[in-house]
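Visitor: Okay, so here is final-v1.txt, and as you'll see once you scroll down, it has compact mmCIF, C-alpha atoms and all ligand atoms.
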# COMPACT_ATOMS: atom_id res chain seq x y z
CA MET A 1456 26.84 -50.93 16.93
CA ALA A 1457 30.60 -51.15 17.20
CA LEU A 1458 32.30 -54.52 17.59
CA LEU A 1459 35.10 -54.05 20.08
CA SER A 1460 37.84 -56.32 21.32
CA VAL A 1461 37.70 -57.13 25.03
CA GLN A 1462 40.90 -55.16 25.56
CA GLU A 1463 39.52 -52.06 23.86
CA ALA A 1464 36.20 -52.18 25.74
CA ARG A 1465 38.07 -52.62 29.01
CA GLN A 1466 40.35 -49.65 28.31
CA ARG A 1467 37.42 -47.42 27.34
CA ILE A 1468 35.67 -48.27 30.59
CA LEU A 1469 38.67 -48.00 32.89
CA THR A 1470 39.60 -44.44 31.92
CA HIS A 1471 36.42 -43.29 33.69
CA PHE A 1472 37.40 -44.51 37.17
CA GLN A 1473 39.63 -43.05 39.85
CA PRO A 1474 39.59 -43.09 43.64
CA ASN A 1475 37.15 -40.92 45.46
CA GLY A 1476 39.34 -39.35 48.16
CA THR A 1477 40.82 -40.65 51.38
CA GLU A 1478 39.86 -40.86 55.04
CA THR A 1479 41.68 -41.64 58.27
CA LEU A 1480 40.27 -44.58 60.21
CA PRO A 1481 41.05 -46.54 63.39
CA LEU A 1482 43.26 -49.53 62.56
CA ILE A 1483 40.63 -52.03 63.73
CA THR A 1484 38.31 -51.00 60.88
CA CYS A 1485 40.94 -51.16 58.12
CA ALA A 1486 40.86 -54.82 57.04
CA GLN A 1487 40.33 -55.01 53.24
CA ARG A 1488 40.69 -51.24 52.86
CA VAL A 1489 43.41 -49.80 50.61
CA LEU A 1490 46.37 -47.84 51.98
CA ALA A 1491 46.45 -44.24 50.72
CA VAL A 1492 50.03 -43.59 51.89
CA ASP A 1493 53.30 -45.48 52.13
CA ILE A 1494 53.93 -46.77 55.65
CA PHE A 1495 57.38 -46.15 57.12
CA ALA A 1496 58.66 -48.07 60.12
CA THR A 1497 58.68 -45.78 63.14
CA THR A 1498 60.97 -48.13 65.10
CA ASP A 1499 63.28 -51.07 64.64
CA LEU A 1500 61.57 -54.45 64.89
CA PRO A 1501 62.19 -56.08 67.20
CA PRO A 1502 62.77 -52.87 69.16
CA PHE A 1503 65.42 -54.50 71.44
CA ASP A 1504 67.64 -57.61 71.47
CA ASN A 1505 65.52 -60.38 72.94
CA SER A 1506 65.51 -64.09 73.63
CA SER A 1507 63.90 -66.52 71.17
CA MET A 1508 63.84 -69.24 73.86
CA ASP A 1509 62.97 -69.85 77.48
CA GLY A 1510 66.39 -70.49 79.02
CA PHE A 1511 69.41 -68.77 80.52
CA ALA A 1512 71.21 -65.68 79.21
CA LEU A 1513 74.99 -66.03 79.43
CA ARG A 1514 78.35 -65.24 77.87
CA ALA A 1515 78.89 -67.80 75.07
CA GLU A 1516 82.57 -68.01 76.00
CA ASP A 1517 81.64 -69.35 79.45
CA SER A 1518 79.84 -72.32 77.85
CA SER A 1519 82.62 -73.44 75.56
CA GLN A 1520 85.34 -74.66 77.95
CA THR A 1521 86.74 -78.12 77.15
CA ASN A 1522 84.84 -80.06 79.82
CA ALA A 1523 81.47 -78.57 78.82
CA ALA A 1524 79.25 -81.10 80.61
CA LEU A 1525 80.51 -79.89 83.95
CA ILE A 1526 80.10 -76.16 83.43
CA THR A 1527 78.15 -74.59 86.24
CA LEU A 1528 77.10 -70.93 86.22
CA SER A 1529 75.60 -69.08 89.15
CA VAL A 1530 72.20 -67.65 88.44
CA ILE A 1531 72.14 -63.97 89.37
CA GLY A 1532 68.74 -62.83 88.17
CA ASP A 1533 65.39 -63.55 86.56
CA ILE A 1534 64.17 -61.76 83.42
CA PRO A 1535 60.50 -62.34 82.62
CA ALA A 1536 59.04 -60.99 79.33
CA GLY A 1537 58.19 -57.33 79.67
CA SER A 1538 60.81 -56.53 82.32
CA SER A 1539 63.68 -54.10 81.86
CA PRO A 1540 66.77 -55.94 83.16
CA SER A 1541 69.25 -53.95 85.25
CA ILE A 1542 71.65 -56.82 85.99
CA VAL A 1543 74.96 -57.26 84.14
CA ILE A 1544 76.11 -60.78 83.25
CA MET A 1545 79.67 -61.22 84.53
CA PRO A 1546 81.99 -64.21 83.79
CA ASN A 1547 80.50 -67.54 84.95
CA THR A 1548 77.08 -66.10 85.73
CA ALA A 1549 73.73 -66.39 83.97
CA ALA A 1550 70.18 -65.06 84.28
CA ARG A 1551 67.01 -67.04 83.77
CA ILE A 1552 65.23 -65.46 80.78
CA MET A 1553 61.90 -65.99 79.02
CA THR A 1554 61.03 -65.84 75.30
CA GLY A 1555 60.67 -62.22 74.18
CA ALA A 1556 62.47 -60.83 77.23
CA GLN A 1557 65.22 -58.25 76.77
CA ILE A 1558 68.80 -59.58 76.77
CA PRO A 1559 70.71 -58.19 79.78
CA GLN A 1560 73.99 -56.35 79.43
CA GLY A 1561 77.03 -58.60 79.28
CA ALA A 1562 75.15 -61.60 77.79
CA ASN A 1563 75.64 -62.53 74.13
CA SER A 1564 73.64 -65.77 73.88
CA VAL A 1565 70.87 -67.83 75.43
CA ILE A 1566 70.97 -71.53 76.25
CA PRO A 1567 67.52 -73.16 76.07
CA VAL A 1568 66.21 -74.58 79.33
CA GLU A 1569 66.10 -78.03 77.69
CA GLU A 1570 69.93 -77.91 77.39
CA THR A 1571 70.45 -77.38 81.11
CA ASN A 1572 69.98 -79.45 84.27
CA PHE A 1573 67.18 -77.12 85.32
CA THR A 1574 64.51 -79.73 84.80
CA ASN A 1575 61.81 -77.86 86.62
CA GLN A 1576 60.04 -76.27 83.66
CA GLU A 1577 56.72 -75.82 85.42
CA ALA A 1578 55.07 -72.40 85.44
CA GLY A 1579 55.87 -70.69 88.75
CA SER A 1580 59.07 -72.66 89.39
CA LEU A 1581 61.57 -70.96 91.70
CA LEU A 1582 64.80 -69.44 90.47
CA PRO A 1583 67.70 -71.93 90.93
CA ASN A 1584 70.98 -70.76 92.53
CA GLU A 1585 73.01 -72.32 89.76
CA VAL A 1586 72.59 -73.98 86.39
CA ILE A 1587 74.63 -76.77 84.75
CA LEU A 1588 75.00 -76.55 80.97
CA SER A 1589 74.78 -79.68 78.79
CA LYS A 1590 76.16 -78.05 75.64
CA ALA A 1591 78.06 -75.03 74.38
CA VAL A 1592 76.34 -72.08 72.68
CA LYS A 1593 77.76 -69.70 70.09
CA PRO A 1594 77.71 -65.90 70.31
CA GLY A 1595 74.30 -64.65 69.10
CA GLU A 1596 72.62 -68.04 69.49
CA ASN A 1597 68.91 -67.78 70.41
CA ILE A 1598 69.01 -63.98 70.33
CA ARG A 1599 66.76 -61.98 68.02
CA PRO A 1600 68.73 -58.80 67.51
CA ARG A 1601 67.10 -55.39 67.42
CA GLY A 1602 66.06 -54.49 63.84
CA MET A 1603 66.48 -58.01 62.40
CA ASP A 1604 62.93 -57.87 60.95
CA VAL A 1605 62.52 -54.18 60.13
CA LYS A 1606 64.84 -51.15 60.30
CA ALA A 1607 63.42 -47.81 61.48
CA GLY A 1608 62.70 -45.56 58.49
CA GLU A 1609 62.24 -48.30 55.90
CA ILE A 1610 59.03 -48.50 53.85
CA VAL A 1611 57.14 -51.61 54.93
CA LEU A 1612 53.83 -51.19 53.04
CA ARG A 1613 53.11 -49.24 49.87
CA ALA A 1614 50.13 -47.03 49.06
CA GLY A 1615 47.65 -48.97 46.92
CA LYS A 1616 47.99 -52.20 48.88
CA THR A 1617 44.86 -53.91 50.15
CA ILE A 1618 45.30 -54.32 53.89
CA THR A 1619 45.45 -58.00 54.84
CA PRO A 1620 45.20 -59.42 58.37
CA GLN A 1621 49.01 -59.80 58.36
CA ASP A 1622 49.34 -56.12 57.44
CA LEU A 1623 47.08 -55.24 60.40
CA GLY A 1624 49.54 -57.08 62.63
CA LEU A 1625 52.54 -55.19 61.25
CA LEU A 1626 50.72 -51.84 61.47
CA ALA A 1627 49.79 -52.57 65.09
CA THR A 1628 53.39 -53.51 65.95
CA LEU A 1629 54.48 -50.17 64.53
CA GLY A 1630 51.94 -48.26 66.61
CA GLN A 1631 49.87 -47.07 63.63
CA ALA A 1632 46.57 -46.54 65.43
CA GLN A 1633 45.03 -44.40 62.66
CA ILE A 1634 45.46 -45.25 59.00
CA SER A 1635 44.95 -43.14 55.90
CA VAL A 1636 42.93 -45.26 53.45
CA TYR A 1637 40.94 -44.63 50.28
CA LYS A 1638 37.19 -44.20 50.69
CA LYS A 1639 35.28 -47.41 50.06
CA PRO A 1640 33.45 -47.21 46.73
CA ARG A 1641 29.66 -47.37 46.86
CA ILE A 1642 28.04 -49.30 44.04
CA ALA A 1643 24.33 -49.39 43.30
CA LEU A 1644 23.03 -52.68 41.92
CA PHE A 1645 19.73 -53.58 40.35
CA SER A 1646 18.25 -56.40 38.32
CA SER A 1647 15.64 -55.94 35.65
CA GLY A 1648 12.98 -58.17 34.21
CA ASP A 1649 9.27 -58.96 34.59
CA GLU A 1650 10.16 -62.62 35.09
CA LEU A 1651 12.08 -62.07 38.32
CA LEU A 1652 10.85 -63.23 41.73
CA GLU A 1653 12.33 -62.75 45.18
CA VAL A 1654 14.41 -65.58 46.61
CA SER A 1655 11.65 -66.44 49.11
CA ASP A 1656 8.87 -66.55 46.47
CA SER A 1657 7.49 -69.86 45.18
CA LEU A 1658 8.02 -70.41 41.49
CA THR A 1659 5.00 -69.67 39.33
CA SER A 1660 4.48 -70.16 35.63
CA GLY A 1661 7.04 -68.32 33.49
CA LYS A 1662 8.94 -66.85 36.42
CA ILE A 1663 12.44 -67.41 37.83
CA ARG A 1664 14.12 -66.11 40.96
CA ASP A 1665 16.48 -63.13 40.75
CA SER A 1666 19.86 -64.78 41.23
CA ASN A 1667 22.02 -62.08 39.67
CA SER A 1668 21.58 -59.57 42.46
CA TYR A 1669 22.87 -62.13 44.98
CA MET A 1670 25.82 -63.18 42.85
CA LEU A 1671 26.75 -59.65 41.75
CA GLY A 1672 26.22 -58.23 45.24
CA GLY A 1673 28.62 -60.87 46.56
CA LEU A 1674 31.14 -60.04 43.87
CA ILE A 1675 30.92 -56.31 44.63
CA GLU A 1676 31.47 -56.88 48.34
CA SER A 1677 34.27 -59.39 47.88
CA ALA A 1678 35.95 -56.88 45.53
CA GLY A 1679 36.06 -54.44 48.47
CA ALA A 1680 33.14 -52.11 47.67
CA GLU A 1681 29.85 -51.39 49.41
CA CYS A 1682 26.79 -52.69 47.56
CA ILE A 1683 23.65 -50.53 47.63
CA ARG A 1684 20.95 -53.02 46.65
CA LEU A 1685 18.14 -51.37 44.74
CA GLY A 1686 16.09 -54.49 43.97
CA VAL A 1687 14.37 -55.41 40.74
CA ALA A 1688 12.98 -53.08 38.06
CA LYS A 1689 10.05 -54.21 35.95
CA ASP A 1690 10.52 -54.02 32.19
CA GLN A 1691 9.07 -50.49 32.02
CA ARG A 1692 10.78 -47.14 31.47
CA GLU A 1693 9.39 -45.61 34.67
CA ALA A 1694 10.44 -48.56 36.82
CA VAL A 1695 14.00 -48.48 35.52
CA GLN A 1696 14.16 -44.69 35.87
CA ALA A 1697 12.90 -44.84 39.46
CA LEU A 1698 15.77 -47.13 40.48
CA LEU A 1699 18.35 -45.05 38.64
CA GLU A 1700 17.08 -41.97 40.53
CA LYS A 1701 17.52 -43.87 43.81
CA ALA A 1702 21.12 -44.56 42.81
CA VAL A 1703 21.64 -40.84 42.18
CA ALA A 1704 20.16 -39.98 45.58
CA GLU A 1705 22.57 -42.46 47.17
CA LYS A 1706 25.51 -40.62 45.56
CA VAL A 1707 27.08 -43.87 44.41
CA ASP A 1708 30.33 -44.14 42.47
CA LEU A 1709 29.00 -46.67 39.93
CA ILE A 1710 25.63 -48.04 38.89
CA LEU A 1711 25.64 -51.71 37.91
CA SER A 1712 22.66 -53.51 36.44
CA SER A 1713 21.96 -56.87 34.91
CA ALA A 1714 19.63 -57.66 31.98
CA GLY A 1715 17.42 -55.40 29.94
CA VAL A 1716 20.37 -54.08 27.91
CA SER A 1717 20.08 -56.37 24.93
CA VAL A 1718 18.02 -55.87 21.79
CA GLY A 1719 14.73 -57.29 23.12
CA ALA A 1720 11.45 -55.43 22.73
CA TYR A 1721 11.28 -54.87 26.51
CA ASP A 1722 14.91 -53.87 27.10
CA PHE A 1723 14.41 -50.29 28.34
CA VAL A 1724 17.56 -49.78 30.40
CA LYS A 1725 19.63 -48.42 27.50
CA ASP A 1726 16.91 -45.93 26.50
CA VAL A 1727 16.57 -44.54 30.00
CA ILE A 1728 20.32 -44.12 30.42
CA GLU A 1729 20.59 -42.42 27.05
CA SER A 1730 17.82 -39.92 27.70
CA ASN A 1731 19.43 -38.79 30.97
CA GLY A 1732 23.07 -39.09 30.19
CA ARG A 1733 25.35 -40.85 27.79
CA LEU A 1734 25.29 -44.38 26.43
CA ASP A 1735 27.84 -46.44 24.57
CA PHE A 1736 26.42 -49.76 23.58
CA TRP A 1737 28.92 -52.25 22.31
CA LYS A 1738 29.08 -55.69 20.96
CA VAL A 1739 32.23 -57.01 22.55
CA ASN A 1740 34.00 -59.79 20.69
CA MET A 1741 33.63 -62.23 23.58
CA ARG A 1742 31.71 -65.25 24.69
CA PRO A 1743 29.69 -65.28 26.85
CA GLY A 1744 28.48 -61.74 27.35
CA LYS A 1745 28.60 -60.07 23.95
CA PRO A 1746 26.28 -57.09 24.54
CA LEU A 1747 27.64 -54.59 27.04
CA ALA A 1748 26.20 -51.20 27.89
CA PHE A 1749 28.45 -48.53 29.29
CA GLY A 1750 27.73 -44.88 29.95
CA ALA A 1751 26.72 -42.43 32.62
CA TYR A 1752 23.38 -41.57 34.23
CA ARG A 1753 23.28 -37.99 35.51
CA GLY A 1754 27.07 -38.08 35.61
CA ILE A 1755 27.42 -41.41 37.44
CA PRO A 1756 29.21 -44.18 35.53
CA PHE A 1757 26.87 -46.99 34.49
CA ILE A 1758 27.70 -50.55 33.42
CA GLY A 1759 24.85 -52.71 32.12
CA LEU A 1760 25.76 -56.40 32.28
CA PRO A 1761 23.88 -59.09 30.36
CA GLY A 1762 21.05 -60.94 32.12
CA ASN A 1763 22.24 -64.49 31.67
CA PRO A 1764 23.91 -65.38 34.98
CA VAL A 1765 27.17 -66.71 33.55
CA SER A 1766 27.44 -63.75 31.17
CA ALA A 1767 26.85 -61.38 34.07
CA PHE A 1768 29.57 -63.11 36.09
CA VAL A 1769 32.10 -63.04 33.26
CA GLY A 1770 31.20 -59.41 32.49
CA PHE A 1771 31.87 -58.54 36.11
CA GLU A 1772 35.23 -60.29 36.10
CA VAL A 1773 36.34 -58.81 32.80
CA PHE A 1774 35.08 -55.22 33.13
CA VAL A 1775 33.82 -54.41 36.62
CA ARG A 1776 36.40 -55.91 38.99
CA GLU A 1777 39.18 -53.72 37.63
CA ALA A 1778 36.94 -50.64 37.63
CA ILE A 1779 36.28 -51.28 41.33
CA SER A 1780 40.01 -51.70 41.92
CA LYS A 1781 40.60 -48.27 40.41
CA LEU A 1782 37.81 -46.74 42.52
CA ARG A 1783 39.41 -48.29 45.60
CA GLY A 1784 42.82 -46.89 44.71
CA ALA A 1785 44.15 -50.45 44.74
CA SER A 1786 47.17 -51.63 42.82
CA ASP A 1787 46.20 -55.25 43.58
CA GLY A 1788 42.88 -57.15 43.67
CA ILE A 1789 43.09 -58.55 40.15
CA ARG A 1790 42.53 -62.29 39.70
CA LEU A 1791 45.66 -64.42 39.58
CA LYS A 1792 46.47 -65.47 36.01
CA VAL A 1793 48.23 -68.77 35.39
CA ARG A 1794 49.32 -70.75 32.33
CA VAL A 1795 47.48 -74.07 32.11
CA ARG A 1796 47.20 -76.97 29.67
CA CYS A 1797 43.82 -78.06 28.29
CA ALA A 1798 42.90 -81.58 29.44
CA GLU A 1799 40.54 -81.92 26.48
CA ALA A 1800 40.21 -80.64 22.93
CA ILE A 1801 38.29 -77.35 22.83
CA GLU A 1802 36.08 -75.89 20.10
CA SER A 1803 35.41 -72.16 20.01
CA ASP A 1804 33.73 -69.73 17.60
CA GLY A 1805 36.64 -67.31 17.25
CA ARG A 1806 35.43 -64.88 19.91
CA GLU A 1807 37.56 -64.41 23.03
CA SER A 1808 35.96 -67.05 25.24
CA TYR A 1809 35.77 -67.40 28.99
CA LEU A 1810 35.02 -71.02 29.76
CA ARG A 1811 34.24 -72.48 33.17
CA ALA A 1812 36.98 -74.88 34.21
CA VAL A 1813 38.55 -76.72 37.09
CA VAL A 1814 42.28 -76.17 37.25
CA SER A 1815 44.25 -78.75 39.18
CA GLU A 1816 47.91 -79.57 39.56
CA VAL A 1817 49.01 -82.75 37.81
CA ASN A 1818 52.70 -83.74 37.90
CA GLY A 1819 53.84 -80.20 38.57
CA SER A 1820 51.82 -78.41 35.89
CA TYR A 1821 48.30 -77.02 35.80
CA LEU A 1822 45.63 -78.84 33.85
CA ALA A 1823 42.22 -77.33 32.97
CA THR A 1824 39.08 -79.45 32.59
CA LEU A 1825 35.80 -77.81 31.52
CA THR A 1826 32.86 -78.06 33.91
CA GLY A 1827 29.49 -79.18 32.60
CA HIS A 1828 27.39 -77.43 30.00
CA GLN A 1829 28.92 -74.11 28.98
CA GLY A 1830 25.61 -72.35 28.12
CA SER A 1831 25.43 -68.86 29.61
CA GLY A 1832 22.31 -69.63 31.63
CA ASN A 1833 23.85 -72.59 33.46
CA LEU A 1834 24.85 -71.57 36.94
CA LEU A 1835 25.94 -75.03 38.08
CA SER A 1836 28.85 -75.15 35.63
CA LEU A 1837 30.00 -71.83 37.09
CA VAL A 1838 29.56 -73.00 40.66
CA GLN A 1839 31.67 -76.10 39.93
CA ALA A 1840 34.48 -74.09 38.34
CA ASN A 1841 37.55 -72.70 40.12
CA ALA A 1842 38.84 -70.85 37.07
CA LEU A 1843 37.91 -69.15 33.83
CA LEU A 1844 39.84 -70.61 30.90
CA ILE A 1845 40.54 -67.97 28.26
CA ILE A 1846 40.42 -69.00 24.61
CA PRO A 1847 41.96 -66.09 22.67
CA ALA A 1848 40.10 -64.30 19.87
CA GLY A 1849 40.66 -65.99 16.51
CA VAL A 1850 41.15 -69.49 17.95
CA LYS A 1851 38.51 -71.96 16.74
CA SER A 1852 39.96 -75.16 18.10
CA ALA A 1853 42.64 -76.20 20.52
CA PRO A 1854 44.07 -79.71 20.90
CA VAL A 1855 44.59 -81.59 24.15
CA GLY A 1856 47.66 -80.21 25.92
CA GLN A 1857 47.43 -76.72 24.35
CA GLU A 1858 48.72 -74.03 26.68
CA MET A 1859 46.21 -71.29 27.61
CA GLU A 1860 45.73 -68.60 30.23
CA ALA A 1861 43.31 -69.16 33.12
CA TRP A 1862 42.08 -66.78 35.82
CA LEU A 1863 41.82 -68.42 39.19
CA LEU A 1864 38.51 -67.62 40.90
P1 LIG A 1901 17.73 -60.13 29.14
O1 LIG A 1901 19.10 -59.53 29.08
O2 LIG A 1901 16.79 -59.27 29.90
O3 LIG A 1901 17.25 -60.50 27.79
O4 LIG A 1901 17.88 -61.48 29.97
C1 LIG A 1901 18.65 -62.54 29.49
C2 LIG A 1901 18.41 -63.81 30.28
O5 LIG A 1901 18.86 -63.62 31.62
C3 LIG A 1901 16.96 -64.20 30.40
O6 LIG A 1901 16.88 -65.61 30.32
C4 LIG A 1901 16.58 -63.74 31.79
O7 LIG A 1901 15.49 -64.43 32.34
C5 LIG A 1901 17.84 -63.98 32.55
N1 LIG A 1901 17.93 -63.09 33.69
C6 LIG A 1901 17.78 -61.76 33.65
N2 LIG A 1901 17.92 -61.22 34.87
C7 LIG A 1901 18.18 -62.22 35.71
C8 LIG A 1901 18.43 -62.28 37.11
N3 LIG A 1901 18.43 -61.20 37.85
N4 LIG A 1901 18.65 -63.50 37.66
C9 LIG A 1901 18.66 -64.61 36.89
N5 LIG A 1901 18.45 -64.60 35.57
C10 LIG A 1901 18.20 -63.43 34.97
MG MG A 1902 14.83 -59.14 30.25
Will you turn the file into C-alpha cells for me?
Guide:
Amino acid sequence: MALLSVQEARQRILTHFQPNGTETLPLITCAQRVLAVDIFATTDLPPFDNSSMDGFALRAEDSSQTNAALITLSVIGDIPAGSSPSIVIMPNTAARIMTGAQIPQGANSVIPVEETNFTNQEAGSLLPNEVILSKAVKPGENIRPRGMDVKAGEIVLRAGKTITPQDLGLLATLGQAQISVYKKPRIALFSSGDELLEVSDSLTSGKIRDSNSYMLGGLIESAGAECIRLGVAKDQREAVQALLEKAVAEKVDLILSSAGVSVGAYDFVKDVIESNGRLDFWKVNMRPGKPLAFGAYRGIPFIGLPGNPVSAFVGFEVFVREAISKLRGASDGIRLKVRVRCAEAIESDGRESYLRAVVSEVNGSYLATLTGHQGSGNLLSLVQANALLIIPAGVKSAPVGQEMEAWLL
C-alpha cells in the first residue's frame, strides 16, 4: 500500500471532479448556489440622482449668501420617494424631498430637514409655503448620483462565486429574476459497522450510536451539496453492496462512506468497491485519518473515510470539501487559513497532523490552544475546537510561540 503525502492524495482525488452542468433558477431559490456565468450590470446603480436625506432640494448657491440664518426659500413642490418630479427648481425656491426620491431639475443639493425651521417632522405633515435654512450646503451635498455604486455594463459578480444573501440583494436590484447556476451535487452517504445503532436506540452491550452520518451529512449540506442518506450497512459484503447499488440508482455524483475501509477482518467496503469498479487504497502520511480509500463504484467516484469520528471529520475537511467545491463549480468555499502561534509546546510523530484547537486573538495576533484529548475517537475535543491546527510533515516538536497554519472551522 502506497504511502502518500496529503498533497499528493488530494491532487489524485481532485482530478476526478468537475461540475455537472448548469440550470436556470428563480432568484429566490439561488442562495448558496454557485453562479455559472459572470453577471453584468444592466443599469447604473442608483439608476437616477436621488436624495440621501429627508429634507429640501435646492440650489446650493441659494443657501450660501452671507446672512445664511435668514435665508428663506419658497417651497414649490413635494417629491415623495417613487414619484417622477416635473418641477424645476428656480433661484430661491426649494422642493420638499424624501430619502430615495429623484432630484428635480435645477436642484444640485439637499438640505436635511433637521437643518431647517420646518420642525414638523411628523408623518403626514402638510407642505409648508416656505422654509428657512439654518446652514449652507455645498453642491452635491446629500445627493447620491446616478451610477455612484455600479456603472451599467460592469461585471459585478463572477462565475464560480457562491451566492450570498448580499449577492441576492444586488441581483434583485439589477432585475436578474432568473439565474444560471451550477447543478447542486448529490452525494450519497452511508455508515458501516455491526456496532452501530440509530440515534433513538438505547445503548446495549458493545454498541454505539451512528454519529458519523449526522456529522458528515451536516458537512455535506453545509458545503452546498445535497445529501442522500443511505443509512448503515452491516459488516457483510451483501449489505455494503446493497447500499452502493442504491447510490447508483440515485445517480449521485459521489459516494461517501465512513468506516469499514481499514485492515480489519470485517472491513468489506474496499472489496466490494474493487469487485465492481476501481479502488486505490492509500496510507496517507497524516494524523488522524491515515487509511483512505478512493475509487469508483460502477463509474461513480467513491471516497471511504475512516470510522473514527475525528478522523472522518478531518478526512472530510482535507479531501472531500474541495471535491464538493469542484462539483459545485465553486471557486470559493475553502476554509479560511490563518497563521497562528502555538500557546503550548506541541509533540507530533512526524506525520502531517490536524489537531483540534481554539484560535483566539491575543494582543493583535492569533494564538492556538489545543482542546482536550486529541484521540481520534473523542468527539468532544472536536466540538470544542474552532480550528484545525496543522503540524507539517516532518515536525516532531514545536515550542511555545511557534508559528503554524490553522484552518478556521
Ligand atoms: P472501522 O474503520 O470500521 O474499524 O471503525 C473505526 C472506529 O470508528 C471504531 O471504533 C468504530 O466503532 C467507529 N465508528 C465507525 N463508524 C462509526 C459511526 N458511524 N459513528 C461513530 N463511530 C463509528
Ligand atoms: Mg468497523
Visitor: Could you tell me which of A:Leu1834, A:Met1603, A:Ile1675, A:Ile1663 comes closest to Glu1772 of chain A if we count all atoms listed in the file?
Guide: A:Ile1675
Visitor: Compile the contact shell of Tyr1637 of chain A as number ranges by chain: residues with an atom at most 8 Å away, counting only C-alpha atoms, same-chain residues fewer than 5 positions apart removed.
Guide: A: 1474-1478, 1488-1491, 1783-1784
Visitor: I'd like a table as a tab-separated table: residues in chain A with an atom no more than 8 Å from ligand LIG 1901 (chain A), each row giving the shortest atom pair and its distance in Å to one decimal, all atoms listed in the file counted, sorted by chain and rising residue number.
Guide:
residue	atom	partner	partner_atom	distance
A:Ser1646	CA	A:LIG1901	N3	4.8
A:Ser1647	CA	A:LIG1901	N2	5.8
A:Gly1648	CA	A:LIG1901	N2	5.8
A:Glu1650	CA	A:LIG1901	O7	6.3
A:Leu1651	CA	A:LIG1901	N3	6.4
A:Ile1663	CA	A:LIG1901	C9	6.9
A:Arg1664	CA	A:LIG1901	N4	6.2
A:Asp1665	CA	A:LIG1901	N4	3.8
A:Ser1666	CA	A:LIG1901	N4	4.0
A:Asn1667	CA	A:LIG1901	N3	4.1
A:Ser1668	CA	A:LIG1901	N3	5.8
A:Val1687	CA	A:LIG1901	N3	7.6
A:Ser1713	CA	A:LIG1901	N2	5.9
A:Ala1714	CA	A:LIG1901	O1	3.5
A:Gly1715	CA	A:LIG1901	O2	3.9
A:Val1716	CA	A:LIG1901	O1	5.7
A:Ser1717	CA	A:LIG1901	O1	5.3
A:Val1718	CA	A:LIG1901	O3	7.6
A:Gly1719	CA	A:LIG1901	O3	6.2
A:Tyr1721	CA	A:LIG1901	O2	7.8
A:Asp1722	CA	A:LIG1901	O2	6.4
A:Pro1761	CA	A:LIG1901	O1	5.0
A:Gly1762	CA	A:LIG1901	O5	3.5
A:Asn1763	CA	A:LIG1901	O5	3.5
A:Pro1764	CA	A:LIG1901	N5	5.5
A:Gly1832	CA	A:LIG1901	O6	6.9
Visitor: Atom CA of Thr1497 of chain A to atom CA of Pro1600 of chain A: how many Å, to one decimal?
Guide: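 One can read the atom CA of Thr1497 of chain A to atom CA of Pro1600 of chain A distance as 17.0 Å.
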Visitor: I want to know what sits within 8 Å of segment 1741-1746 of chain A, based on only C-alpha atoms, with residues of the same chain fewer than 4 positions away left out; could you give that as a PyMOL selection string?
Guide: chain A and resi 1460-1461+1716-1717+1736-1737+1760-1761+1765-1767+1769-1770+1806-1809+1831+1848
Visitor: Please identify all polymer residues within 9 Å of Val1855 of chain A, counting all atoms listed in the file, omitting same-chain residues fewer than 4 positions from it, and present them as JSON, numbers by chain.
Guide: {"A": [1796, 1797, 1798, 1799, 1800, 1801]}
Visitor: Take the residues just selected and output them with C-alpha atoms as a JSON list (two decimals), in the frame of the given file.
Guide:
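Generated file (result_35.json):
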[["chain", "number", "residue", "atom", "x", "y", "z"],
["A", 1796, "ARG", "CA", 47.20, -76.97, 29.67],
["A", 1797, "CYS", "CA", 43.82, -78.06, 28.29],
["A", 1798, "ALA", "CA", 42.90, -81.58, 29.44],
["A", 1799, "GLU", "CA", 40.54, -81.92, 26.48],
["A", 1800, "ALA", "CA", 40.21, -80.64, 22.93],
["A", 1801, "ILE", "CA", 38.29, -77.35, 22.83]]
Visitor: Please indicate the distance in Å from atom CA of Val1707 of chain A to atom CA of Ile1755 of chain A, rounded to one decimal place.
Guide: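 These atoms are spaced 7.4 Å apart.
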Visitor: Select, from A:Ile1566, A:Ala1512, A:Ala1688, A:Leu1629, the residue with the minimum atom-to-atom distance to ligand MG 1902 (chain A), counting only C-alpha atoms and all ligand atoms.
Guide: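 Answer, going by the shortest atom-to-atom distance: A:Ala1688.
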Visitor: Could you rebuild segment 1709-1714 of chain A with N, CA, C and O atoms and give me the result as a PDB file, in the coordinates of the input?
Guide:
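Just written: result.pdb:
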ATOM      1  N   LEU A1709      29.232 -45.861  41.141  1.00  0.00           N
ATOM      2  CA  LEU A1709      29.000 -46.670  39.930  1.00  0.00           C
ATOM      3  C   LEU A1709      27.615 -47.287  40.055  1.00  0.00           C
ATOM      4  O   LEU A1709      27.212 -47.692  41.147  1.00  0.00           O
ATOM      5  N   ILE A1710      26.906 -47.324  38.932  1.00  0.00           N
ATOM      6  CA  ILE A1710      25.630 -48.040  38.890  1.00  0.00           C
ATOM      7  C   ILE A1710      25.845 -49.286  38.038  1.00  0.00           C
ATOM      8  O   ILE A1710      26.347 -49.196  36.916  1.00  0.00           O
ATOM      9  N   LEU A1711      25.468 -50.437  38.616  1.00  0.00           N
ATOM     10  CA  LEU A1711      25.640 -51.710  37.910  1.00  0.00           C
ATOM     11  C   LEU A1711      24.267 -52.353  37.795  1.00  0.00           C
ATOM     12  O   LEU A1711      23.515 -52.414  38.773  1.00  0.00           O
ATOM     13  N   SER A1712      23.934 -52.813  36.595  1.00  0.00           N
ATOM     14  CA  SER A1712      22.660 -53.510  36.440  1.00  0.00           C
ATOM     15  C   SER A1712      22.895 -54.798  35.686  1.00  0.00           C
ATOM     16  O   SER A1712      23.940 -54.989  35.066  1.00  0.00           O
ATOM     17  N   SER A1713      21.909 -55.699  35.773  1.00  0.00           N
ATOM     18  CA  SER A1713      21.960 -56.870  34.910  1.00  0.00           C
ATOM     19  C   SER A1713      20.658 -56.972  34.149  1.00  0.00           C
ATOM     20  O   SER A1713      19.592 -56.635  34.669  1.00  0.00           O
ATOM     21  N   ALA A1714      20.761 -57.407  32.895  1.00  0.00           N
ATOM     22  CA  ALA A1714      19.630 -57.660  31.980  1.00  0.00           C
ATOM     23  C   ALA A1714      19.004 -56.366  31.467  1.00  0.00           C
ATOM     24  O   ALA A1714      19.320 -55.267  31.924  1.00  0.00           O
TER      25      ALA A1714
END
